[in-house]
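> Data: query-v6.cif, mmCIF, C-alpha atoms.
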```cif
data_protein
loop_
_atom_site.group_PDB
_atom_site.id
_atom_site.type_symbol
_atom_site.label_atom_id
_atom_site.label_comp_id
_atom_site.auth_asym_id
_atom_site.auth_seq_id
_atom_site.Cartn_x
_atom_site.Cartn_y
_atom_site.Cartn_z
ATOM 1 C CA MET A 1 -24.329 24.064 -10.600
ATOM 2 C CA ILE A 2 -21.696 21.454 -11.483
ATOM 3 C CA LEU A 3 -19.685 22.274 -14.601
ATOM 4 C CA THR A 4 -18.481 18.986 -16.070
ATOM 5 C CA PHE A 5 -15.602 18.785 -18.535
ATOM 6 C CA LEU A 6 -15.966 15.120 -19.478
ATOM 7 C CA SER A 7 -18.729 13.664 -21.578
ATOM 8 C CA PRO A 8 -20.847 11.012 -19.801
ATOM 9 C CA GLN A 9 -19.328 8.353 -22.065
ATOM 10 C CA VAL A 10 -15.732 9.335 -21.225
ATOM 11 C CA ALA A 11 -16.577 9.569 -17.518
ATOM 12 C CA ASP A 12 -18.046 6.057 -17.639
ATOM 13 C CA ILE A 13 -14.956 4.696 -19.417
ATOM 14 C CA LEU A 14 -12.638 6.266 -16.829
ATOM 15 C CA GLU A 15 -14.773 4.821 -14.037
ATOM 16 C CA ILE A 16 -14.577 1.340 -15.578
ATOM 17 C CA ILE A 17 -10.793 1.586 -16.070
ATOM 18 C CA ALA A 18 -10.298 2.844 -12.511
ATOM 19 C CA THR A 19 -12.438 0.048 -11.099
ATOM 20 C CA SER A 20 -10.967 -2.797 -13.160
ATOM 21 C CA THR A 21 -7.356 -1.854 -12.419
ATOM 22 C CA PHE A 22 -8.263 -1.343 -8.776
ATOM 23 C CA VAL A 23 -9.604 -4.904 -8.545
ATOM 24 C CA VAL A 24 -6.208 -6.273 -9.561
ATOM 25 C CA TYR A 25 -4.566 -3.818 -7.159
ATOM 26 C CA LEU A 26 -6.689 -5.186 -4.288
ATOM 27 C CA ILE A 27 -5.596 -8.750 -5.010
ATOM 28 C CA LEU A 28 -1.946 -7.670 -5.020
ATOM 29 C CA GLN A 29 -2.483 -5.656 -1.834
ATOM 30 C CA ILE A 30 -3.861 -8.710 -0.021
ATOM 31 C CA MET A 31 -0.740 -10.589 -1.128
ATOM 32 C CA HIS A 32 1.444 -7.640 -0.012
ATOM 33 C CA SER A 33 2.973 -7.504 -3.496
ATOM 34 C CA LYS A 34 5.084 -4.483 -4.421
ATOM 35 C CA TRP A 35 3.503 -4.549 -7.897
ATOM 36 C CA MET A 36 0.236 -3.260 -6.439
ATOM 37 C CA TRP A 37 1.613 0.286 -6.413
ATOM 38 C CA TYR A 38 2.207 0.239 -10.176
ATOM 39 C CA LEU A 39 -1.511 -0.409 -10.801
ATOM 40 C CA TYR A 40 -2.614 1.887 -8.001
ATOM 41 C CA ILE A 41 -1.206 5.010 -9.644
ATOM 42 C CA PRO A 42 -3.021 4.778 -13.044
ATOM 43 C CA SER A 43 -6.219 3.699 -11.289
ATOM 44 C CA CYS A 44 -6.075 6.819 -9.120
ATOM 45 C CA ILE A 45 -5.430 9.061 -12.125
ATOM 46 C CA CYS A 46 -8.668 7.858 -13.749
ATOM 47 C CA ALA A 47 -10.585 8.205 -10.481
ATOM 48 C CA ALA A 48 -9.247 11.730 -9.895
ATOM 49 C CA LEU A 49 -10.445 12.894 -13.298
ATOM 50 C CA ASN A 50 -13.871 11.390 -12.653
ATOM 51 C CA PHE A 51 -14.306 13.015 -9.240
ATOM 52 C CA PHE A 52 -13.042 16.408 -10.456
ATOM 53 C CA ASN A 53 -15.661 16.087 -13.190
ATOM 54 C CA SER A 54 -18.443 15.641 -10.592
ATOM 55 C CA ALA A 55 -17.091 18.464 -8.357
ATOM 56 C CA THR A 56 -16.414 16.030 -5.526
ATOM 57 C CA TRP A 57 -13.379 18.092 -4.671
ATOM 58 C CA ALA A 58 -11.952 16.347 -1.613
ATOM 59 C CA PHE A 59 -12.222 12.873 -3.111
ATOM 60 C CA ALA A 60 -10.663 14.160 -6.326
ATOM 61 C CA ALA A 61 -7.780 15.725 -4.400
ATOM 62 C CA LEU A 62 -7.532 12.526 -2.355
ATOM 63 C CA ASN A 63 -6.748 10.575 -5.509
ATOM 64 C CA ILE A 64 -3.944 13.038 -6.300
ATOM 65 C CA TYR A 65 -2.642 12.295 -2.801
ATOM 66 C CA TYR A 66 -2.955 8.562 -3.568
ATOM 67 C CA ILE A 67 -0.776 8.998 -6.641
ATOM 68 C CA CYS A 68 1.940 10.690 -4.571
ATOM 69 C CA MET A 69 1.666 8.058 -1.835
ATOM 70 C CA GLY A 70 1.978 5.368 -4.492
ATOM 71 C CA VAL A 71 5.498 6.647 -5.147
ATOM 72 C CA VAL A 72 6.152 6.716 -1.383
ATOM 73 C CA GLY A 73 4.856 3.150 -1.095
ATOM 74 C CA ILE A 74 7.168 1.886 -3.820
ATOM 75 C CA THR A 75 10.173 3.450 -2.051
ATOM 76 C CA SER A 76 9.167 2.379 1.464
ATOM 77 C CA TRP A 77 8.355 -1.239 0.627
ATOM 78 C CA ARG A 78 11.526 -1.580 -1.448
ATOM 79 C CA ARG A 79 13.581 -0.301 1.501
ATOM 80 C CA ASP A 80 11.934 -2.697 3.986
ATOM 81 C CA ALA A 81 12.406 -5.644 1.622
ATOM 82 C CA ALA A 82 16.101 -4.851 1.091
ATOM 83 C CA ALA A 83 16.700 -4.596 4.837
ATOM 84 C CA ASN A 84 14.911 -7.879 5.549
ATOM 85 C CA SER A 85 15.765 -10.096 2.592
ATOM 86 C CA GLU A 86 15.857 -13.191 4.791
ATOM 87 C CA ASN A 87 12.081 -12.891 5.409
ATOM 88 C CA THR A 88 10.998 -13.061 1.774
ATOM 89 C CA ASN A 89 8.246 -15.612 2.530
ATOM 90 C CA SER A 90 6.666 -13.408 5.181
ATOM 91 C CA ILE A 91 4.599 -10.247 4.922
ATOM 92 C CA LEU A 92 6.800 -7.600 6.516
ATOM 93 C CA LEU A 93 4.888 -5.483 9.017
ATOM 94 C CA ASN A 94 5.675 -2.501 11.226
ATOM 95 C CA ARG A 95 4.114 -1.713 14.588
ATOM 96 C CA ILE A 96 2.376 1.652 14.872
ATOM 97 C CA PRO A 97 4.425 4.030 17.034
ATOM 98 C CA ARG A 98 2.412 5.844 19.703
ATOM 99 C CA LYS A 99 3.338 9.171 18.115
ATOM 100 C CA VAL A 100 1.864 8.107 14.755
ATOM 101 C CA LEU A 101 -1.319 6.903 16.470
ATOM 102 C CA LEU A 102 -1.789 10.180 18.371
ATOM 103 C CA ILE A 103 -1.132 12.248 15.237
ATOM 104 C CA SER A 104 -3.663 10.136 13.315
ATOM 105 C CA ILE A 105 -6.360 10.615 15.972
ATOM 106 C CA ALA A 106 -5.734 14.375 16.145
ATOM 107 C CA PHE A 107 -5.775 14.643 12.349
ATOM 108 C CA THR A 108 -9.129 12.824 12.201
ATOM 109 C CA LEU A 109 -10.767 14.944 14.902
ATOM 110 C CA ALA A 110 -9.566 18.198 13.366
ATOM 111 C CA GLY A 111 -9.600 17.225 9.699
ATOM 112 C CA ILE A 112 -13.201 16.092 9.295
ATOM 113 C CA PRO A 113 -14.914 19.308 10.507
ATOM 114 C CA ALA A 114 -12.345 21.582 8.848
ATOM 115 C CA LEU A 115 -12.697 19.794 5.515
ATOM 116 C CA TYR A 116 -16.484 19.683 5.843
ATOM 117 C CA PHE A 117 -16.800 23.472 6.134
ATOM 118 C CA LEU A 118 -14.321 24.005 3.302
ATOM 119 C CA LEU A 119 -16.237 21.652 1.027
ATOM 120 C CA GLN A 120 -19.532 23.305 1.903
ATOM 121 C CA ALA A 121 -18.037 26.617 0.801
ATOM 122 C CA LEU A 122 -16.991 24.948 -2.469
ATOM 123 C CA ASP A 123 -20.547 23.602 -3.003
ATOM 124 C CA ASP A 124 -19.474 19.971 -2.759
ATOM 125 C CA PRO A 125 -22.763 18.026 -3.137
ATOM 126 C CA ASN A 126 -21.670 15.476 -0.497
ATOM 127 C CA ALA A 127 -19.555 17.608 1.830
ATOM 128 C CA LEU A 128 -19.831 15.521 5.001
ATOM 129 C CA LEU A 129 -19.386 12.130 3.337
ATOM 130 C CA ASP A 130 -16.533 13.492 1.234
ATOM 131 C CA ALA A 131 -14.841 14.938 4.346
ATOM 132 C CA VAL A 132 -15.096 11.744 6.385
ATOM 133 C CA THR A 133 -14.019 9.461 3.545
ATOM 134 C CA THR A 134 -11.131 11.696 2.549
ATOM 135 C CA THR A 135 -9.776 12.153 6.072
ATOM 136 C CA LEU A 136 -9.864 8.438 6.882
ATOM 137 C CA SER A 137 -8.412 7.524 3.497
ATOM 138 C CA ILE A 138 -5.457 9.874 3.982
ATOM 139 C CA ILE A 139 -4.609 8.058 7.206
ATOM 140 C CA GLY A 140 -5.271 4.620 5.689
ATOM 141 C CA THR A 141 -2.909 5.262 2.805
ATOM 142 C CA TRP A 142 -0.202 6.610 5.113
ATOM 143 C CA TRP A 143 -0.502 3.486 7.259
ATOM 144 C CA LEU A 144 -0.468 1.252 4.179
ATOM 145 C CA THR A 145 2.854 2.683 2.980
ATOM 146 C CA ARG A 146 4.298 1.740 6.382
ATOM 147 C CA SER A 147 2.716 -1.754 6.357
ATOM 148 C CA TYR A 148 0.710 -1.299 9.556
ATOM 149 C CA LEU A 149 -1.705 -4.208 9.977
ATOM 150 C CA GLN A 150 -4.386 -1.910 11.420
ATOM 151 C CA GLN A 151 -4.687 -0.009 8.127
ATOM 152 C CA TRP A 152 -7.272 -2.603 7.071
ATOM 153 C CA TRP A 153 -9.695 -1.421 9.787
ATOM 154 C CA ILE A 154 -9.329 2.187 8.621
ATOM 155 C CA TRP A 155 -10.235 1.122 5.081
ATOM 156 C CA ILE A 156 -13.309 -0.825 6.183
ATOM 157 C CA VAL A 157 -14.786 2.271 7.840
ATOM 158 C CA ALA A 158 -13.696 4.657 5.077
ATOM 159 C CA ASP A 159 -15.133 2.428 2.361
ATOM 160 C CA MET A 160 -18.540 2.310 4.069
ATOM 161 C CA PHE A 161 -18.757 6.089 3.783
ATOM 162 C CA ALA A 162 -17.393 5.946 0.217
ATOM 163 C CA ILE A 163 -20.213 3.591 -0.777
ATOM 164 C CA TRP A 164 -22.789 5.976 0.660
ATOM 165 C CA MET A 165 -21.243 8.919 -1.197
ATOM 166 C CA ASN A 166 -21.066 7.118 -4.541
ATOM 167 C CA VAL A 167 -24.671 5.941 -4.222
ATOM 168 C CA ASN A 168 -25.597 9.614 -3.928
ATOM 169 C CA LEU A 169 -23.490 10.401 -7.014
ATOM 170 C CA ASP A 170 -24.957 7.463 -8.972
ATOM 171 C CA ASN A 171 -21.440 6.102 -9.593
ATOM 172 C CA LYS A 172 -22.475 2.468 -9.954
ATOM 173 C CA TRP A 173 -19.029 1.138 -10.807
ATOM 174 C CA PHE A 174 -17.432 2.905 -7.851
ATOM 175 C CA VAL A 175 -20.154 1.554 -5.528
ATOM 176 C CA GLY A 176 -19.223 -1.949 -6.658
ATOM 177 C CA GLN A 177 -15.542 -1.125 -6.255
ATOM 178 C CA PHE A 178 -15.947 -0.051 -2.639
ATOM 179 C CA ILE A 179 -18.104 -3.056 -1.763
ATOM 180 C CA LEU A 180 -15.272 -5.184 -3.113
ATOM 181 C CA CYS A 181 -12.836 -3.083 -1.071
ATOM 182 C CA ILE A 182 -14.619 -3.967 2.168
ATOM 183 C CA ILE A 183 -14.599 -7.668 1.345
ATOM 184 C CA SER A 184 -10.935 -7.555 0.375
ATOM 185 C CA SER A 185 -10.088 -5.671 3.573
ATOM 186 C CA PHE A 186 -11.341 -8.552 5.686
ATOM 187 C CA VAL A 187 -9.436 -11.027 3.493
ATOM 188 C CA GLY A 188 -6.324 -8.844 3.643
ATOM 189 C CA LEU A 189 -6.563 -8.524 7.413
ATOM 190 C CA TRP A 190 -6.728 -12.311 7.702
ATOM 191 C CA ASN A 191 -3.841 -12.896 5.290
ATOM 192 C CA TRP A 192 -1.547 -10.246 6.794
ATOM 193 C CA SER A 193 -2.283 -11.550 10.312
ATOM 194 C CA ARG A 194 -1.510 -15.107 9.230
ATOM 195 C CA LYS A 195 1.662 -14.434 7.244
ATOM 196 C CA GLY A 196 2.847 -11.215 8.875
ATOM 197 C CA LYS A 197 6.220 -10.893 10.535
ATOM 198 C CA TYR A 198 7.091 -7.720 12.376
ATOM 199 C CA ILE A 199 10.348 -6.124 11.311
ATOM 200 C CA ASN A 200 13.170 -6.054 13.876
ATOM 201 C CA GLU A 201 11.580 -8.680 16.140
#
```
Spit out the file's structure as C-alpha cells when you get a sec.

Amino acid sequence: MILTFLSPQVADILEIIATSTFVVYLILQIMHSKWMWYLYIPSCICAALNFFNSATWAFAALNIYYICMGVVGITSWRRDAAANSENTNSILLNRIPRKVLLISIAFTLAGIPALYFLLQALDDPNALLDAVTTTLSIIGTWWLTRSYLQQWWIWIVADMFAIWMNVNLDNKWFVGQFILCIISSFVGLWNWSRKGKYINE
C-alpha cells in the first residue's frame, strides 16, 4: 500500500509547477544557456516531492540527484565559459573520453538490474521502468554537465521509458512533459551540432 503525504490537489499543483518550469528549462537547454540550471533546481524539487508521494523511490531520488547536479552544472559551465571567452557565440562542447564511455556502459549494465531488485524489495509499483529511467537519467545528467553532444541520445531513450512509467502512474502532466522532452532533444541535438565548437580544438 502506498502511503501518500500530499493531498491530490497539492500533488497536482507541484506537478504543474515542475512541468511549467521544466518547459522553460528545456528551451534554455537547447540554447545552451547557463540560466537553465537555475530553473532546473526548483523544478526538480517539485518533481521529487511528487514522486516520493507516489512511492516511486528511484525517480524521486533521481530528482534529488538532479538538484545536486544542477549545482555541478552551474560550476562546470561557468568554468568552461571563463576558459573559452573568445567563443561566446558558439556552444562549447567536450568530447567524451573513452574512460567516461566505458564507465557509463558498465554503470548501465550493472545499475539497471541492481536497482530493479532493490526497488522490487521496496514495493515500487513500476520497478523495472523506474530502474531503467533512473539509470539512464543519471548518465544523461552527468554528460549534460560536461556538455557532451551525445547526452541528447541518452535523454531520448530515457524519456521514452519515463513516458511509459508516468502513464502507469496516471501523471498526465509528466507524460506531456516527457513527450516535450523527446521533441526538444531532437531540436537540441540539431542546434548543438550546428553551433557546437569543441573546447581545445
> Counting all atoms listed in the file, which residues in segment 34-141 of chain A sit no more than 9 Å from segment 14-25 of chain A? For each one, give the nearest pair of atoms and the distance in Å, sorted by chain then residue number, as CSV.

```
residue,atom,partner,partner_atom,distance
A:Trp35,CA,A:Tyr25,CA,8.1
A:Met36,CA,A:Tyr25,CA,4.9
A:Trp37,CA,A:Tyr25,CA,7.5
A:Tyr38,CA,A:Tyr25,CA,8.5
A:Leu39,CA,A:Tyr25,CA,5.8
A:Tyr40,CA,A:Tyr25,CA,6.1
A:Pro42,CA,A:Ala18,CA,7.5
A:Ser43,CA,A:Ala18,CA,4.3
A:Cys44,CA,A:Ala18,CA,6.7
A:Ile45,CA,A:Ala18,CA,7.9
A:Cys46,CA,A:Leu14,CA,5.3
A:Ala47,CA,A:Ala18,CA,5.7
A:Leu49,CA,A:Leu14,CA,7.8
A:Asn50,CA,A:Leu14,CA,6.7
```
> If we count all atoms listed in the file, what is near segment 144-155 of chain A at a cut-off of 9 Å, once residues fewer than 6 positions away on the same chain are taken out, given as a PyMOL selection string?
chain A and resi 32+69-70+72-77+91-96+136-137+181-182+185-186+188-189+192-193+196
> Write out as number ranges by chain which residues come within 12 Å of Ser54 of chain A when counting only C-alpha atoms, dropping same-chain ones fewer than 5 positions away.
A: 1-8, 11-12, 15, 47-49, 59-60, 123-126, 165-166, 168-171
> With only C-alpha atoms as the counted atoms, please give the residues lying no more than 12 Å from Asp130 of chain A, apart from itself and same-chain residues fewer than 2 positions off, as a VMD selection string.
chain A and resid 51 55 to 62 111 to 120 123 to 128 132 to 138 158 to 166 168 to 169
> Just how far from atom CA of Leu28 of chain A is atom CA of Asn191 of chain A, in Å to one decimal?
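Distance reported for this atom pair: 11.7 Å.
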